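Visitor: Contents are TSV, C-alpha atoms; file name final.tsv:
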```
chain	number	residue	atom	x	y	z
A	618	MET	CA	76.62	87.99	89.31
A	619	ARG	CA	79.49	90.45	88.88
A	620	LEU	CA	79.08	94.11	89.83
A	621	ARG	CA	81.16	96.96	88.44
A	622	ILE	CA	81.83	99.69	91.01
A	623	ASP	CA	83.13	103.13	89.97
A	624	LEU	CA	84.50	105.23	92.78
A	625	GLY	CA	86.84	107.99	93.87
A	626	TYR	CA	88.69	108.78	97.07
A	627	ASP	CA	91.03	111.16	98.84
A	628	GLY	CA	93.88	108.85	99.81
A	629	THR	CA	95.37	111.12	102.50
A	630	ALA	CA	94.11	109.13	105.48
A	631	TYR	CA	94.64	105.67	103.97
A	632	ALA	CA	97.50	103.19	103.85
A	633	GLY	CA	96.72	102.60	100.17
A	634	TRP	CA	94.02	100.61	98.43
A	635	ALA	CA	94.83	97.06	99.57
A	636	ARG	CA	93.46	95.73	102.83
A	637	GLN	CA	96.19	95.38	105.50
A	638	PRO	CA	95.97	94.15	109.10
A	639	GLY	CA	95.77	97.02	111.56
A	640	GLN	CA	95.67	99.69	108.81
A	641	GLN	CA	92.88	101.83	107.41
A	642	THR	CA	92.67	101.15	103.67
A	643	VAL	CA	90.22	102.06	100.91
A	644	GLN	CA	89.51	98.40	100.16
A	645	GLY	CA	88.87	97.73	103.82
A	646	VAL	CA	86.32	100.51	104.35
A	647	LEU	CA	84.56	99.79	101.05
A	648	GLU	CA	84.31	96.04	101.65
A	649	ASP	CA	83.02	96.69	105.17
A	650	ALA	CA	80.39	99.07	103.80
A	651	LEU	CA	79.34	96.58	101.11
A	652	ALA	CA	78.98	93.88	103.77
A	653	ILE	CA	76.52	96.11	105.65
A	654	ILE	CA	74.49	97.01	102.56
A	655	LEU	CA	74.47	93.67	100.68
A	656	ARG	CA	74.67	91.26	103.64
A	657	PRO	CA	76.41	88.52	101.61
A	658	PRO	CA	76.93	85.05	103.13
A	659	THR	CA	80.73	85.53	102.88
A	660	PRO	CA	82.80	88.73	103.29
A	661	PRO	CA	82.97	90.80	100.07
A	662	ALA	CA	86.25	90.51	98.10
A	663	LEU	CA	86.91	93.35	95.67
A	664	THR	CA	89.19	93.23	92.62
A	665	VAL	CA	90.48	96.66	91.59
A	666	ALA	CA	91.86	98.16	88.37
A	667	GLY	CA	94.85	99.82	90.06
A	668	ARG	CA	96.17	99.21	93.58
A	669	THR	CA	97.10	102.73	94.67
A	670	ASP	CA	99.76	103.30	97.35
A	671	ALA	CA	99.42	105.11	100.67
A	672	GLY	CA	98.45	108.75	100.16
A	673	VAL	CA	97.56	108.34	96.46
A	674	HIS	CA	94.14	109.56	95.33
A	675	ALA	CA	91.64	108.33	92.75
A	676	ARG	CA	88.94	110.06	90.74
A	677	GLY	CA	88.23	107.21	88.32
A	678	GLN	CA	88.95	103.96	90.16
A	679	VAL	CA	87.09	100.81	89.08
A	680	ALA	CA	86.52	97.59	91.02
A	681	HIS	CA	84.41	94.49	90.65
A	682	LEU	CA	82.63	92.27	93.13
A	683	ASP	CA	80.97	88.88	92.67
A	684	VAL	CA	77.66	88.56	94.51
A	685	GLY	CA	74.80	86.09	94.71
A	686	GLN	CA	71.93	88.54	94.38
A	687	VAL	CA	70.91	91.70	92.55
A	688	PRO	CA	71.91	94.76	94.60
A	689	PRO	CA	69.18	97.12	95.81
A	690	ASP	CA	68.30	100.01	93.49
A	691	ASN	CA	69.47	102.59	96.02
A	692	VAL	CA	72.81	100.90	96.76
A	693	VAL	CA	74.88	104.01	95.93
A	694	ARG	CA	72.83	106.24	98.23
A	695	ARG	CA	73.01	103.64	100.99
A	696	LEU	CA	76.77	103.33	100.57
A	697	ASP	CA	77.08	107.11	100.86
A	698	GLY	CA	75.39	106.83	104.23
A	699	VAL	CA	77.90	104.25	105.48
A	700	LEU	CA	81.19	105.25	103.85
A	701	PRO	CA	83.41	108.05	105.18
A	702	ASP	CA	83.24	111.32	103.27
A	703	ASP	CA	86.63	110.79	101.63
A	704	VAL	CA	85.44	107.67	99.76
A	705	ARG	CA	82.53	108.11	97.31
A	706	VAL	CA	80.93	105.56	94.98
A	707	ARG	CA	79.73	106.97	91.66
A	708	SER	CA	77.90	103.93	90.33
A	709	VAL	CA	77.22	100.23	90.91
A	710	VAL	CA	76.01	98.27	87.87
A	711	VAL	CA	75.79	94.66	86.75
A	712	ALA	CA	78.97	94.08	84.70
A	713	PRO	CA	78.80	92.61	81.20
A	714	ASP	CA	80.02	89.05	80.67
A	715	GLY	CA	83.79	88.76	80.67
A	716	PHE	CA	84.40	91.97	82.62
A	717	ASP	CA	87.38	91.99	84.98
A	718	ALA	CA	88.24	95.34	86.58
A	719	ARG	CA	91.95	94.55	86.53
A	720	PHE	CA	92.65	92.32	83.55
A	721	SER	CA	90.09	93.71	81.08
A	722	ALA	CA	91.52	97.22	81.27
A	723	LEU	CA	93.16	98.67	78.17
A	724	SER	CA	94.91	101.46	80.04
A	725	ARG	CA	95.09	103.51	83.22
A	726	ARG	CA	95.54	107.28	83.22
A	727	TYR	CA	97.08	109.22	86.11
A	728	SER	CA	97.80	112.86	86.79
A	729	TYR	CA	100.60	114.28	88.93
A	730	ARG	CA	100.52	117.85	90.24
A	731	VAL	CA	103.63	119.93	91.06
A	732	ALA	CA	103.60	123.57	92.21
A	733	ASP	CA	106.89	125.32	91.44
A	734	GLY	CA	105.54	128.77	92.30
A	735	PHE	CA	102.59	129.86	94.42
A	736	ALA	CA	100.97	126.82	96.02
A	737	ASP	CA	97.27	127.00	96.86
A	738	PRO	CA	97.06	125.86	100.51
A	739	LEU	CA	93.64	124.37	99.78
A	740	ARG	CA	95.31	121.93	97.34
A	741	ARG	CA	98.12	120.89	99.68
A	742	THR	CA	96.87	117.28	99.93
A	743	ASP	CA	97.06	116.66	96.16
A	744	THR	CA	99.86	118.96	95.01
A	745	VAL	CA	103.59	118.57	95.65
A	746	LEU	CA	105.69	121.68	96.35
A	747	HIS	CA	108.89	122.04	94.32
A	748	GLY	CA	111.35	124.73	95.33
A	749	ARG	CA	112.85	125.34	91.88
A	750	PRO	CA	111.18	126.69	88.71
A	751	LEU	CA	110.44	123.96	86.16
A	752	ASN	CA	111.08	124.07	82.42
A	753	LEU	CA	108.16	122.07	81.02
A	754	GLU	CA	109.56	122.14	77.50
A	755	ALA	CA	112.65	120.24	78.68
A	756	MET	CA	110.48	117.85	80.69
A	757	ASN	CA	108.30	117.10	77.68
A	758	ASP	CA	111.38	116.52	75.54
A	759	ALA	CA	112.69	114.03	78.12
A	760	SER	CA	109.25	112.43	78.50
A	761	SER	CA	108.89	111.79	74.76
A	762	LYS	CA	111.96	109.53	74.84
A	763	LEU	CA	110.21	107.18	77.28
A	764	ILE	CA	107.05	106.54	75.23
A	765	GLY	CA	106.51	103.02	73.91
A	766	GLU	CA	106.94	99.46	75.14
A	767	HIS	CA	110.05	99.02	77.28
A	768	ASP	CA	111.33	97.15	80.28
A	769	PHE	CA	110.76	99.74	83.00
A	770	ALA	CA	112.78	97.84	85.63
A	771	ALA	CA	114.71	101.03	86.45
A	772	TYR	CA	111.45	102.75	87.32
A	773	CYS	CA	109.71	99.96	89.23
A	774	LYS	CA	109.91	98.43	92.66
A	775	GLN	CA	110.34	94.89	91.47
A	776	ARG	CA	108.34	91.95	92.78
A	777	GLN	CA	109.34	88.30	92.62
A	778	GLY	CA	108.33	86.76	89.30
A	779	ALA	CA	106.56	89.90	88.02
A	780	SER	CA	107.30	91.39	84.60
A	781	THR	CA	108.37	95.04	84.39
A	782	ILE	CA	107.60	95.35	80.66
A	783	ARG	CA	104.96	98.02	80.08
A	784	ARG	CA	103.66	100.10	77.17
A	785	LEU	CA	103.75	103.79	78.05
A	786	LEU	CA	101.11	105.47	75.89
A	787	ARG	CA	101.34	109.05	77.08
A	788	LEU	CA	103.59	111.17	79.29
A	789	ASP	CA	103.43	114.94	78.98
A	790	TRP	CA	103.33	118.08	81.09
A	791	GLU	CA	101.28	121.28	80.94
A	792	ARG	CA	100.32	124.06	83.30
A	793	ASP	CA	96.77	124.39	84.54
A	794	ALA	CA	94.89	127.67	85.00
A	795	ASP	CA	96.71	128.27	88.31
A	796	GLY	CA	100.16	127.69	86.86
A	797	VAL	CA	100.60	124.26	88.46
A	798	ALA	CA	102.65	121.77	86.42
A	799	VAL	CA	100.46	118.74	85.74
A	800	ALA	CA	101.73	115.49	84.22
A	801	THR	CA	99.36	113.18	82.36
A	802	VAL	CA	100.64	109.59	82.38
A	803	GLU	CA	98.87	106.73	80.61
A	804	ALA	CA	99.99	103.13	80.10
A	805	ASP	CA	98.46	99.73	79.49
A	806	ALA	CA	99.50	98.93	83.07
A	807	PHE	CA	101.91	100.23	85.70
A	808	CYS	CA	104.31	98.38	87.96
A	809	HIS	CA	104.82	99.39	91.59
A	810	THR	CA	105.88	103.08	92.01
A	811	MET	CA	106.37	103.48	88.24
A	812	VAL	CA	104.55	106.82	87.82
A	813	ARG	CA	106.18	108.40	90.87
A	814	SER	CA	109.60	107.14	89.76
A	815	LEU	CA	109.15	108.63	86.29
A	816	VAL	CA	108.14	111.96	87.83
A	817	GLY	CA	111.11	111.75	90.20
A	818	ALA	CA	113.47	111.45	87.23
A	819	LEU	CA	111.81	114.23	85.22
A	820	LEU	CA	111.79	116.90	87.94
A	821	PRO	CA	115.63	117.24	87.94
A	822	VAL	CA	115.42	117.73	84.18
A	823	GLY	CA	112.82	120.45	84.63
A	824	ASP	CA	114.91	122.38	87.15
A	825	GLU	CA	118.06	121.86	85.04
A	826	ARG	CA	119.98	119.68	87.48
A	827	ARG	CA	120.06	116.86	84.90
A	828	PRO	CA	120.22	116.79	81.08
A	829	VAL	CA	117.21	115.98	78.90
A	830	ASP	CA	118.58	112.54	77.95
A	831	TRP	CA	119.10	111.42	81.56
A	832	PRO	CA	115.70	109.68	82.18
A	833	ALA	CA	116.04	107.68	78.92
A	834	ALA	CA	119.59	106.70	79.87
A	835	ILE	CA	118.30	105.31	83.18
A	836	LEU	CA	115.68	103.32	81.26
A	837	ARG	CA	118.31	101.77	78.99
A	838	VAL	CA	120.58	100.77	81.87
A	839	GLY	CA	117.66	99.01	83.55
A	840	VAL	CA	118.81	99.69	87.11
A	841	ARG	CA	117.47	102.25	89.56
A	842	ASP	CA	119.61	105.41	89.79
A	843	SER	CA	120.03	106.64	93.36
A	844	LEU	CA	119.85	110.22	92.07
A	845	ALA	CA	116.33	109.63	90.67
A	846	SER	CA	114.06	109.81	93.69
A	847	VAL	CA	110.51	108.48	93.93
A	848	ALA	CA	108.20	111.50	93.96
A	849	PRO	CA	105.84	111.91	96.96
A	850	PRO	CA	102.56	109.98	96.77
A	851	HIS	CA	100.08	112.78	97.44
A	852	GLY	CA	100.62	114.47	94.06
A	853	LEU	CA	99.32	111.39	92.24
A	854	THR	CA	95.69	110.74	91.23
A	855	LEU	CA	94.21	107.85	89.25
A	856	GLU	CA	92.01	109.72	86.78
A	857	ALA	CA	90.47	107.03	84.58
A	858	VAL	CA	90.55	103.39	83.50
A	859	LYS	CA	89.77	102.55	79.88
A	860	TYR	CA	88.05	99.31	78.81
A	861	PRO	CA	87.27	97.77	75.40
A	862	THR	CA	83.78	97.20	74.09
A	863	ALA	CA	81.74	94.48	75.79
A	864	ASP	CA	82.49	91.89	73.11
A	865	ARG	CA	86.25	92.28	73.72
A	866	LEU	CA	86.33	92.19	77.53
A	867	ALA	CA	87.06	88.48	77.97
A	868	ALA	CA	89.66	88.41	75.20
A	869	ARG	CA	91.43	91.43	76.67
A	870	ALA	CA	91.53	89.78	80.10
A	871	GLN	CA	93.11	86.68	78.57
A	872	GLU	CA	95.71	88.76	76.73
A	873	THR	CA	96.64	90.72	79.86
A	874	ARG	CA	97.19	87.59	81.95
A	875	ARG	CA	100.04	86.50	79.68
A	876	VAL	CA	103.40	87.41	81.22
A	877	ARG	CA	105.38	89.66	78.90
A	878	ARG	CA	109.03	88.85	78.19
```
Starting from the file, lay out its structure as structure tokens.

Guide:
Amino acid sequence: MRLRIDLGYDGTAYAGWARQPGQQTVQGVLEDALAIILRPPTPPALTVAGRTDAGVHARGQVAHLDVGQVPPDNVVRRLDGVLPDDVRVRSVVVAPDGFDARFSALSRRYSYRVADGFADPLRRTDTVLHGRPLNLEAMNDASSKLIGEHDFAAYCKQRQGASTIRRLLRLDWERDADGVAVATVEADAFCHTMVRSLVGALLPVGDERRPVDWPAAILRVGVRDSLASVAPPHGLTLEAVKYPTADRLAARAQETRRVRR
């Protein structure tokens, strides 16, 4: 039986999602809590929609877990009693046939928060301070040139044998009610550090240190530019993961597993 687990977390105190020896990770504390609640014969092994880095947050993370028995009705409440306060499970349900938290996903949506004026000290763990005023019109102009399917090698920390071709569905900036610049970034999938690298290239456009065409020029060259920094992790939050209808879950997982060239 496969369970779908929807959760959120403040990533400040964690070395990312993935379990690592000697490190506190979100996967580690959640698997440990599930072991206490479900008492499976083997240690729980979670598969997640997006493996967030150290310091990155999530509001709409999704994972799945294969188990041998139906979970108790009060599993969410019992998990709340075991998990630390900075990791909360919203729901645990039996997943439909063909569901895979990672491969069935149609897209992931992130937000990135940047304060270029007054910075609320109560939001310091999820908002990056930027010392120069940002021109969001210029940033949106630059962002629009990155939309579509491209090889994002220049914006990814490459891994052996992994494709860097991704379809960027949305990348735009707006100010929230407090005047904070917030990017919304959505793609069918992201490679390692891709969102933070895109933000790192767009911030110099916003404060007029680089021209509007600069981020797209980096994309075309296909090589990381030393002048385009990777933005800090704590401004990034995984907001939502989108899935197809139940009858398309297995087919989507099969499509996603194909390596793109």

Visitor: What does the distance between atom CA of A:Arg787 and atom CA of A:Arg740 come to in Å, to one decimal place?

Guide: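 Here the two named atoms are 24.8 Å from each other.
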
Visitor: Please identify all polymer residues lying at most 12 Å from the point (82.4, 91.0, 99.3) (file coordinates), using all atoms listed in the file, and present the result as a PyMOL selection string.

Guide: chain A and resi 618-620+644-664+680-686

Visitor: So that I can see what lies close to A:Ala818, please list as a list of chain:residue names the residues with an atom at most 7 Å from it, counting all atoms listed in the file and leaving out residues fewer than 6 positions away in the same chain.

Guide: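 Contacts, in chain order: A:Pro832, A:Ala845, A:Ser846.
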
Visitor: Just the residues within 12 Å of A:Val822, please, counting only C-alpha atoms, with nothing from its chain fewer than 4 positions along; format it as an MDAnalysis selection string.

Guide: chainID A and resid 749:760 815:818 826:833 844:845

Visitor: So which residues touch A:Arg668 within 8 Å, counting all atoms listed in the file, skipping near sequence neighbours fewer than 5 positions away, as a ChimeraX atom specification?

Guide: /A:633-635

Visitor: To one decimal place, how far is atom CA of A:Phe720 from atom CA of A:Leu785 in Å?

Guide: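 Taking atom CA of A:Phe720 and atom CA of A:Leu785, their separation equals 16.9 Å.
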
Visitor: What does the structure give for the distance between atom CA of A:Leu788 and atom CA of A:Ala800, in Å to one decimal?

Guide: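 The value is 6.8 Å.
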
Visitor: Determine the nearest neighbour of A:Ser728 from the options A:Arg841, A:His851, A:Arg776, A:His767, counting all atoms listed in the file.

Guide: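 Using all atoms listed in the file, A:Ser728 sits closest to A:His851.
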
Visitor: Is it possible to get the residues within 9 Å of (86.7, 105.2, 81.8) (coordinates as in the file, counting all atoms listed in the file) written as a PyMOL selection string?

Guide: chain A and resi 677-679+725+856-860

Visitor: Contacts of A:Lys774 at 10 Å or less, counting all atoms listed in the file, minus same-chain residues fewer than 4 places along, as a list in words?

Guide: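 Skipping anything fewer than 4 positions along the chain leaves Phe769, Ala770, Thr781, Cys808, His809, Thr810, Met811, Ser814 and Arg841 of chain A.
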
Visitor: Env of A:Ala722: 12 Å cut, atoms = only C-alpha atoms, seq-sep filter 6 positions within chain, self excluded. Answer as a VMD selection string.

Guide: chain A and resid 665 to 667 678 to 680 715 to 716 804 to 807 857 to 863 865 to 874

Visitor: Can you work out which one of A:Ala732, A:Leu723, A:Ala712, A:Val840 has the shortest atom-to-atom distance to A:Gly796, counting all atoms listed in the file?

Guide: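 Of A:Ala732, A:Leu723, A:Ala712, A:Val840, the one nearest A:Gly796, counting all atoms listed in the file, is A:Ala732.
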
Visitor: Starting from 3 Å padding per side, set up an axis-aligned box that covers all listed atoms of stretch 788-797 of chain A and hand over centre and edge lengths in Å, one decimal, as JSON.

Guide:
```
{"center_x": 99.2, "center_y": 119.7, "center_z": 83.7, "size_x": 14.7, "size_y": 23.1, "size_z": 15.5}
```

Visitor: Let me make sure I understand: among A:Glu825, A:Asp789, A:Glu766, A:Asp627, which one has the smallest atom-to-atom distance to A:Gly672 if we use all atoms listed in the file?

Guide: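 Of A:Glu825, A:Asp789, A:Glu766, A:Asp627, the one nearest A:Gly672, counting all atoms listed in the file, is A:Asp627.
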
Visitor: Considering all atoms listed in the file, can you say which of A:Thr854, A:Ala834, A:Asp623, A:Asp690 comes closest to A:His674?

Guide: A:Thr854

Visitor: Which of these residues is nearest to A:Ser708, using only C-alpha atoms: A:Gly852, A:Pro738, A:Pro688, A:Gly748?

Guide: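 Ranked by minimum distance to A:Ser708, first place goes to A:Pro688.
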
Visitor: Select, from A:Val704, A:Val711, A:Leu739, A:Val673, the residue with the minimum atom-to-atom distance to A:Val687, counting all atoms listed in the file.

Guide: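 The shortest atom-to-atom distance to A:Val687 comes from A:Val711.
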
Visitor: Can stretch 691-702 of chain A be brought up to all heavy atoms and written out as a CSV table (one decimal), keeping the file's coordinate frame?

Guide:
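The new file selection_13.csv reads:
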```csv
chain,number,residue,atom,x,y,z
A,691,ASN,N,68.9,101.4,95.4
A,691,ASN,CA,69.5,102.6,96.0
A,691,ASN,C,70.8,102.3,96.7
A,691,ASN,O,71.2,102.9,97.7
A,691,ASN,CB,68.5,103.1,97.1
A,691,ASN,CG,68.2,102.1,98.1
A,691,ASN,OD1,68.5,100.9,98.0
A,691,ASN,ND2,67.5,102.6,99.2
A,692,VAL,N,71.6,101.3,96.1
A,692,VAL,CA,72.8,100.9,96.8
A,692,VAL,C,73.8,102.0,96.9
A,692,VAL,O,74.5,102.1,97.9
A,692,VAL,CB,73.4,99.7,96.0
A,692,VAL,CG1,73.8,100.0,94.6
A,692,VAL,CG2,74.6,99.1,96.8
A,693,VAL,N,73.9,102.9,95.9
A,693,VAL,CA,74.9,104.0,95.9
A,693,VAL,C,74.5,105.0,97.1
A,693,VAL,O,75.4,105.4,97.8
A,693,VAL,CB,75.0,104.7,94.6
A,693,VAL,CG1,75.8,106.0,94.7
A,693,VAL,CG2,75.5,103.8,93.5
A,694,ARG,N,73.2,105.3,97.2
A,694,ARG,CA,72.8,106.2,98.2
A,694,ARG,C,73.1,105.6,99.6
A,694,ARG,O,73.5,106.3,100.5
A,694,ARG,CB,71.4,106.6,98.1
A,694,ARG,CG,70.8,107.6,99.1
A,694,ARG,CD,69.4,108.0,98.8
A,694,ARG,NE,68.5,106.9,98.9
A,694,ARG,CZ,68.0,106.3,100.0
A,694,ARG,NH1,68.4,106.8,101.2
A,694,ARG,NH2,67.2,105.3,99.9
A,695,ARG,N,72.8,104.3,99.7
A,695,ARG,CA,73.0,103.6,101.0
A,695,ARG,C,74.5,103.5,101.3
A,695,ARG,O,74.9,103.7,102.5
A,695,ARG,CB,72.4,102.3,101.0
A,695,ARG,CG,70.8,102.3,100.9
A,695,ARG,CD,70.2,100.9,100.8
A,695,ARG,NE,70.5,100.1,102.0
A,695,ARG,CZ,70.1,98.9,102.2
A,695,ARG,NH1,69.5,98.2,101.2
A,695,ARG,NH2,70.4,98.2,103.3
A,696,LEU,N,75.3,103.3,100.3
A,696,LEU,CA,76.8,103.3,100.6
A,696,LEU,C,77.3,104.7,101.0
A,696,LEU,O,78.1,104.8,101.9
A,696,LEU,CB,77.5,102.9,99.3
A,696,LEU,CG,77.5,101.4,99.0
A,696,LEU,CD1,78.1,101.2,97.6
A,696,LEU,CD2,78.3,100.6,100.0
A,697,ASP,N,76.7,105.8,100.4
A,697,ASP,CA,77.1,107.1,100.9
A,697,ASP,C,76.8,107.3,102.3
A,697,ASP,O,77.5,108.1,103.0
A,697,ASP,CB,76.3,108.2,100.0
A,697,ASP,CG,76.9,108.3,98.6
A,697,ASP,OD1,78.1,107.8,98.4
A,697,ASP,OD2,76.3,109.0,97.8
A,698,GLY,N,75.8,106.7,102.8
A,698,GLY,CA,75.4,106.8,104.2
A,698,GLY,C,76.3,106.0,105.2
A,698,GLY,O,76.3,106.3,106.4
A,699,VAL,N,77.0,105.1,104.7
A,699,VAL,CA,77.9,104.2,105.5
A,699,VAL,C,79.4,104.6,105.3
A,699,VAL,O,80.1,104.6,106.3
A,699,VAL,CB,77.7,102.8,105.1
A,699,VAL,CG1,78.6,101.8,105.9
A,699,VAL,CG2,76.2,102.4,105.4
A,700,LEU,N,79.8,105.0,104.1
A,700,LEU,CA,81.2,105.2,103.8
A,700,LEU,C,81.6,106.6,104.5
A,700,LEU,O,80.8,107.5,104.6
A,700,LEU,CB,81.4,105.3,102.3
A,700,LEU,CG,81.4,104.0,101.6
A,700,LEU,CD1,81.3,104.2,100.1
A,700,LEU,CD2,82.7,103.2,101.9
A,701,PRO,N,82.9,106.7,104.8
A,701,PRO,CA,83.4,108.0,105.2
A,701,PRO,C,83.4,109.0,104.0
A,701,PRO,O,83.3,108.6,102.8
A,701,PRO,CB,84.9,107.7,105.6
A,701,PRO,CG,85.2,106.5,104.9
A,701,PRO,CD,84.0,105.7,104.8
A,702,ASP,N,83.4,110.3,104.3
A,702,ASP,CA,83.2,111.3,103.3
A,702,ASP,C,84.4,111.3,102.2
A,702,ASP,O,84.2,111.9,101.1
A,702,ASP,CB,83.1,112.7,103.9
A,702,ASP,CG,81.9,112.9,104.7
A,702,ASP,OD1,80.9,112.1,104.5
A,702,ASP,OD2,81.8,113.8,105.5
```
